[in-house]
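**Q** Got a file for you: input-v6.cif, mmCIF, C-alpha atoms.
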```
data_coords
loop_
_atom_site.group_PDB
_atom_site.id
_atom_site.type_symbol
_atom_site.label_atom_id
_atom_site.label_comp_id
_atom_site.auth_asym_id
_atom_site.auth_seq_id
_atom_site.Cartn_x
_atom_site.Cartn_y
_atom_site.Cartn_z
ATOM 1 C CA MET A 999 30.696 -86.426 -80.329
ATOM 2 C CA ASP A 1000 28.323 -89.284 -80.724
ATOM 3 C CA GLN A 1001 25.138 -88.597 -82.703
ATOM 4 C CA ALA A 1002 22.856 -89.785 -79.908
ATOM 5 C CA LEU A 1003 24.623 -87.593 -77.387
ATOM 6 C CA SER A 1004 24.395 -84.529 -79.631
ATOM 7 C CA ALA A 1005 20.688 -85.234 -80.261
ATOM 8 C CA ILE A 1006 20.126 -85.394 -76.496
ATOM 9 C CA VAL A 1007 21.992 -82.110 -75.959
ATOM 10 C CA ILE A 1008 19.943 -80.440 -78.714
ATOM 11 C CA ALA A 1009 16.711 -81.819 -77.222
ATOM 12 C CA VAL A 1010 17.671 -80.527 -73.756
ATOM 13 C CA ILE A 1011 18.533 -77.078 -75.116
ATOM 14 C CA THR A 1012 15.301 -76.974 -77.138
ATOM 15 C CA GLY A 1013 13.352 -78.031 -74.047
ATOM 16 C CA LEU A 1014 14.959 -75.293 -71.958
ATOM 17 C CA PHE A 1015 14.158 -72.662 -74.543
ATOM 18 C CA SER A 1016 10.575 -73.945 -74.777
ATOM 19 C CA LEU A 1017 10.266 -73.788 -70.988
ATOM 20 C CA ILE A 1018 11.664 -70.250 -70.923
ATOM 21 C CA THR A 1019 9.271 -69.255 -73.718
ATOM 22 C CA MET A 1020 6.297 -70.653 -71.785
ATOM 23 C CA ILE A 1021 7.320 -68.788 -68.625
ATOM 24 C CA ILE A 1022 7.677 -65.532 -70.551
ATOM 25 C CA GLN A 1023 4.317 -66.088 -72.232
ATOM 26 C CA LYS A 1024 2.591 -66.671 -68.871
ATOM 27 C CA ARG A 1025 4.076 -63.471 -67.523
ATOM 28 C CA GLN A 1026 2.982 -61.669 -70.673
ATOM 29 C CA ASP A 1027 -0.551 -63.020 -70.256
ATOM 30 C CA ARG A 1028 -0.618 -61.756 -66.673
ATOM 31 C CA VAL A 1029 0.564 -58.334 -67.779
ATOM 32 C CA LEU A 1030 -2.033 -58.237 -70.550
ATOM 33 C CA SER A 1031 -4.816 -59.205 -68.153
ATOM 34 C CA LYS A 1032 -3.698 -56.461 -65.753
ATOM 35 C CA ILE A 1033 -3.711 -53.965 -68.620
ATOM 36 C CA GLU A 1034 -7.217 -55.076 -69.620
ATOM 37 C CA GLU A 1035 -8.394 -54.665 -66.028
ATOM 38 C CA GLN A 1036 -6.865 -51.191 -65.911
ATOM 39 C CA ASN A 1037 -8.564 -50.299 -69.199
ATOM 40 C CA THR A 1038 -11.876 -51.487 -67.783
ATOM 41 C CA VAL A 1039 -11.381 -49.354 -64.688
ATOM 42 C CA ILE A 1040 -10.382 -46.378 -66.826
ATOM 43 C CA ASP A 1041 -13.463 -46.815 -69.020
ATOM 44 C CA LYS A 1042 -15.686 -46.964 -65.947
ATOM 45 C CA GLU A 1043 -13.964 -43.869 -64.594
ATOM 46 C CA LYS A 1044 -14.546 -42.027 -67.871
ATOM 47 C CA ALA A 1045 -18.220 -42.979 -67.894
ATOM 48 C CA LEU A 1046 -18.623 -41.896 -64.290
ATOM 49 C CA LYS A 1047 -16.781 -38.638 -64.944
ATOM 50 C CA GLN A 1048 -19.045 -37.986 -67.924
ATOM 51 C CA LYS A 1049 -22.158 -38.572 -65.810
ATOM 52 C CA LEU A 1050 -20.766 -36.311 -63.109
ATOM 53 C CA ASN A 1051 -20.057 -33.544 -65.624
ATOM 54 C CA GLN A 1052 -23.566 -33.881 -67.029
ATOM 55 C CA LYS A 1053 -25.108 -33.558 -63.570
ATOM 56 C CA GLU A 1054 -22.935 -30.518 -62.839
ATOM 57 C CA LYS A 1055 -24.162 -28.928 -66.069
ATOM 58 C CA GLU A 1056 -27.757 -29.644 -65.060
ATOM 59 C CA ARG A 1057 -27.123 -28.074 -61.661
ATOM 60 C CA GLU A 1058 -25.624 -24.979 -63.269
ATOM 61 C CA MET A 1059 -28.655 -24.656 -65.538
ATOM 62 C CA ILE A 1060 -30.982 -24.938 -62.537
ATOM 63 C CA ILE A 1061 -28.981 -22.260 -60.712
ATOM 64 C CA HIS A 1062 -29.184 -20.091 -63.822
ATOM 65 C CA GLU A 1063 -32.957 -20.509 -63.996
ATOM 66 C CA ILE A 1064 -33.283 -19.762 -60.264
ATOM 67 C CA MET A 1065 -31.263 -16.568 -60.621
ATOM 68 C CA ILE A 1066 -33.394 -15.383 -63.528
ATOM 69 C CA LEU A 1067 -36.568 -16.255 -61.596
ATOM 70 C CA VAL A 1068 -35.361 -14.340 -58.517
ATOM 71 C CA LEU A 1069 -34.489 -11.327 -60.660
ATOM 72 C CA ASP A 1070 -37.861 -11.380 -62.423
ATOM 73 C CA THR A 1071 -39.711 -11.842 -59.124
ATOM 74 C CA ASN A 1072 -37.854 -8.961 -57.509
ATOM 75 C CA LEU A 1073 -38.627 -6.729 -60.466
ATOM 76 C CA ASP A 1074 -42.316 -7.690 -60.380
ATOM 77 C CA ILE A 1075 -42.452 -6.945 -56.650
ATOM 78 C CA LEU A 1076 -40.683 -3.643 -57.231
ATOM 79 C CA LYS A 1077 -43.110 -2.725 -60.022
ATOM 80 C CA SER A 1078 -46.191 -3.642 -58.008
ATOM 81 C CA THR A 1079 -45.163 -1.777 -54.843
ATOM 82 C CA GLN A 1080 -44.286 1.525 -56.479
ATOM 83 C CA TYR A 1081 -47.044 3.709 -57.831
ATOM 84 C CA SER A 1082 -44.880 6.303 -59.514
ATOM 85 C CA GLN A 1083 -42.152 5.441 -61.944
ATOM 86 C CA GLU A 1084 -39.106 7.615 -61.462
ATOM 87 C CA ALA A 1085 -36.108 7.850 -63.774
ATOM 88 C CA SER A 1086 -33.942 5.910 -61.312
ATOM 89 C CA ASP A 1087 -36.473 3.066 -61.283
ATOM 90 C CA LYS A 1088 -36.383 2.836 -65.064
ATOM 91 C CA GLY A 1089 -32.611 2.618 -64.782
ATOM 92 C CA VAL A 1090 -32.959 -0.383 -62.469
ATOM 93 C CA TYR A 1091 -35.268 -2.128 -64.935
ATOM 94 C CA THR A 1092 -32.970 -1.384 -67.843
ATOM 95 C CA ALA A 1093 -29.925 -2.554 -65.913
ATOM 96 C CA SER A 1094 -31.671 -5.780 -64.916
ATOM 97 C CA ASP A 1095 -32.705 -6.456 -68.509
ATOM 98 C CA ASN A 1096 -29.140 -5.821 -69.655
ATOM 99 C CA LEU A 1097 -27.777 -8.158 -66.983
ATOM 100 C CA LYS A 1098 -30.207 -10.898 -68.019
ATOM 101 C CA GLU A 1099 -29.186 -10.520 -71.653
ATOM 102 C CA ARG A 1100 -25.477 -10.561 -70.793
ATOM 103 C CA PHE A 1101 -25.940 -13.587 -68.531
ATOM 104 C CA ASN A 1102 -27.822 -15.477 -71.235
ATOM 105 C CA LYS A 1103 -25.237 -14.520 -73.853
ATOM 106 C CA VAL A 1104 -22.330 -15.673 -71.670
ATOM 107 C CA SER A 1105 -24.190 -18.913 -70.895
ATOM 108 C CA GLU A 1106 -24.623 -19.601 -74.613
ATOM 109 C CA GLU A 1107 -20.955 -18.827 -75.285
ATOM 110 C CA ILE A 1108 -19.964 -21.242 -72.512
ATOM 111 C CA LYS A 1109 -22.172 -23.941 -74.051
ATOM 112 C CA GLU A 1110 -20.479 -23.459 -77.423
ATOM 113 C CA LEU A 1111 -17.008 -23.565 -75.876
ATOM 114 C CA VAL A 1112 -17.877 -26.745 -73.966
ATOM 115 C CA LYS A 1113 -19.115 -28.353 -77.199
ATOM 116 C CA GLU A 1114 -15.902 -27.398 -79.007
ATOM 117 C CA TYR A 1115 -13.815 -28.706 -76.108
ATOM 118 C CA GLU A 1116 -15.688 -32.029 -76.029
ATOM 119 C CA MET A 1117 -15.275 -32.430 -79.792
ATOM 120 C CA LEU A 1118 -11.561 -31.737 -79.454
ATOM 121 C CA ILE A 1119 -11.241 -34.325 -76.662
ATOM 122 C CA GLU A 1120 -13.099 -36.929 -78.757
ATOM 123 C CA LEU A 1121 -10.939 -36.179 -81.784
ATOM 124 C CA THR A 1122 -7.776 -36.493 -79.716
ATOM 125 C CA ALA A 1123 -8.969 -39.818 -78.304
ATOM 126 C CA GLN A 1124 -9.713 -41.138 -81.804
ATOM 127 C CA ILE A 1125 -6.303 -40.079 -83.071
ATOM 128 C CA GLN A 1126 -4.651 -41.715 -80.053
ATOM 129 C CA GLU A 1127 -6.530 -44.966 -80.702
ATOM 130 C CA GLU A 1128 -5.481 -44.952 -84.355
ATOM 131 C CA LEU A 1129 -1.857 -44.381 -83.380
ATOM 132 C CA GLU A 1130 -2.000 -47.233 -80.874
ATOM 133 C CA GLU A 1131 -3.515 -49.537 -83.509
ATOM 134 C CA GLN A 1132 -0.800 -48.618 -85.994
ATOM 135 C CA ASN A 1133 1.898 -49.203 -83.376
ATOM 136 C CA SER A 1134 0.458 -52.584 -82.441
ATOM 137 C CA LYS A 1135 0.310 -53.569 -86.131
ATOM 138 C CA ARG A 1136 3.930 -52.533 -86.576
ATOM 139 C CA LYS A 1137 4.978 -54.552 -83.529
ATOM 140 C CA GLY A 1138 3.014 -57.524 -84.844
ATOM 141 C CA LYS A 1139 4.877 -57.404 -88.169
ATOM 142 C CA LYS A 1140 8.316 -57.310 -86.555
#
```
Would you write the structure of this file as structure tokens?
**A**
Amino acid sequence: MDQALSAIVIAVITGLFSLITMIIQKRQDRVLSKIEEQNTVIDKEKALKQKLNQKEKEREMIIHEIMILVLDTNLDILKSTQYSQEASDKGVYTASDNLKERFNKVSEEIKELVKEYEMLIELTAQIQEELEEQNSKRKGKK
């Protein structure tokens, strides 16, 4: 083959490969932008979910306080309307005090469990991020 002809063939082949590379890169850029958009949506969803969970916790605390207030009010009304204290009445007061203590204890245990769960979720997310970073570094080296 003539040198000029072989140079032209090599230039055409190189041009085709360059064109194919550019097309693949554009598609890759589109995919990456879609992934970034999805990550943004996921981050917004996480933030919204966190706010929602916080408001639900606040609502539960308000309900808890209302229940305790209703119990205390009922006991005060019961104490003020009865002139003689019978043994059964004392049992009601003792039972209500025990229920309040149990309710408060269970509420505190739930708070602790929620804290542990949130810490575990955060730790898992951090580990996942580290693994993804390591994988992307490995892919970058190859």
**Q** My list of candidates is A:Ile1011, A:Phe1101, A:Glu1043, A:Leu1030. Which is closest to A:Leu1069 when distances are computed with all atoms listed in the file?
**A**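 When distances to A:Leu1069 are compared using all atoms listed in the file, the smallest one comes from A:Phe1101.
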**Q** May I have the centre and edge lengths, in Å to one decimal, of an axis-aligned box around the listed atoms of stretch 1095-1109 of chain A with 8 Å added to every side, as JSON?
**A**
```
{"center_x": -26.3, "center_y": -14.9, "center_z": -71.1, "size_x": 28.7, "size_y": 34.1, "size_z": 24.3}
```
**Q** In Å to one decimal, how far is atom CA of A:Tyr1115 from atom CA of A:Met1065?
**A**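 Here the two named atoms are 26.3 Å from each other.
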**Q** Go ahead and compute the interatomic distance for atom CA of A:Glu1127 and atom CA of A:Glu1110, in Å to one decimal.
**A** 25.8 Å
**Q** Report, in Å to a single decimal, how far apart atom CA of A:Asp1041 and atom CA of A:Thr1122 are.
**A** 15.9 Å
**Q** Taking all atoms listed in the file into account, which of A:Leu1118, A:Ile1033, A:Val1039, A:Val1112 comes nearest A:Gln1052?
**A**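 Closest residue, counting all atoms listed in the file: A:Val1112.
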**Q** I'd like a table as JSON lines: residues in stretch 1071-1116 of chain A with an atom no more than 12 Å from stretch 1059-1064 of chain A, each row giving the shortest atom pair and its distance in Å to one decimal, all atoms listed in the file counted, sorted by chain and rising residue number.
**A**
```
{"residue": "A:Thr1071", "atom": "CA", "partner": "A:Ile1064", "partner_atom": "CA", "distance": 10.3}
{"residue": "A:Lys1098", "atom": "CA", "partner": "A:His1062", "partner_atom": "CA", "distance": 10.2}
{"residue": "A:Phe1101", "atom": "CA", "partner": "A:His1062", "partner_atom": "CA", "distance": 8.7}
{"residue": "A:Asn1102", "atom": "CA", "partner": "A:His1062", "partner_atom": "CA", "distance": 8.8}
{"residue": "A:Val1104", "atom": "CA", "partner": "A:His1062", "partner_atom": "CA", "distance": 11.3}
{"residue": "A:Ser1105", "atom": "CA", "partner": "A:His1062", "partner_atom": "CA", "distance": 8.7}
{"residue": "A:Glu1106", "atom": "CA", "partner": "A:Met1059", "partner_atom": "CA", "distance": 11.1}
{"residue": "A:Ile1108", "atom": "CA", "partner": "A:Met1059", "partner_atom": "CA", "distance": 11.7}
{"residue": "A:Lys1109", "atom": "CA", "partner": "A:Met1059", "partner_atom": "CA", "distance": 10.7}
```
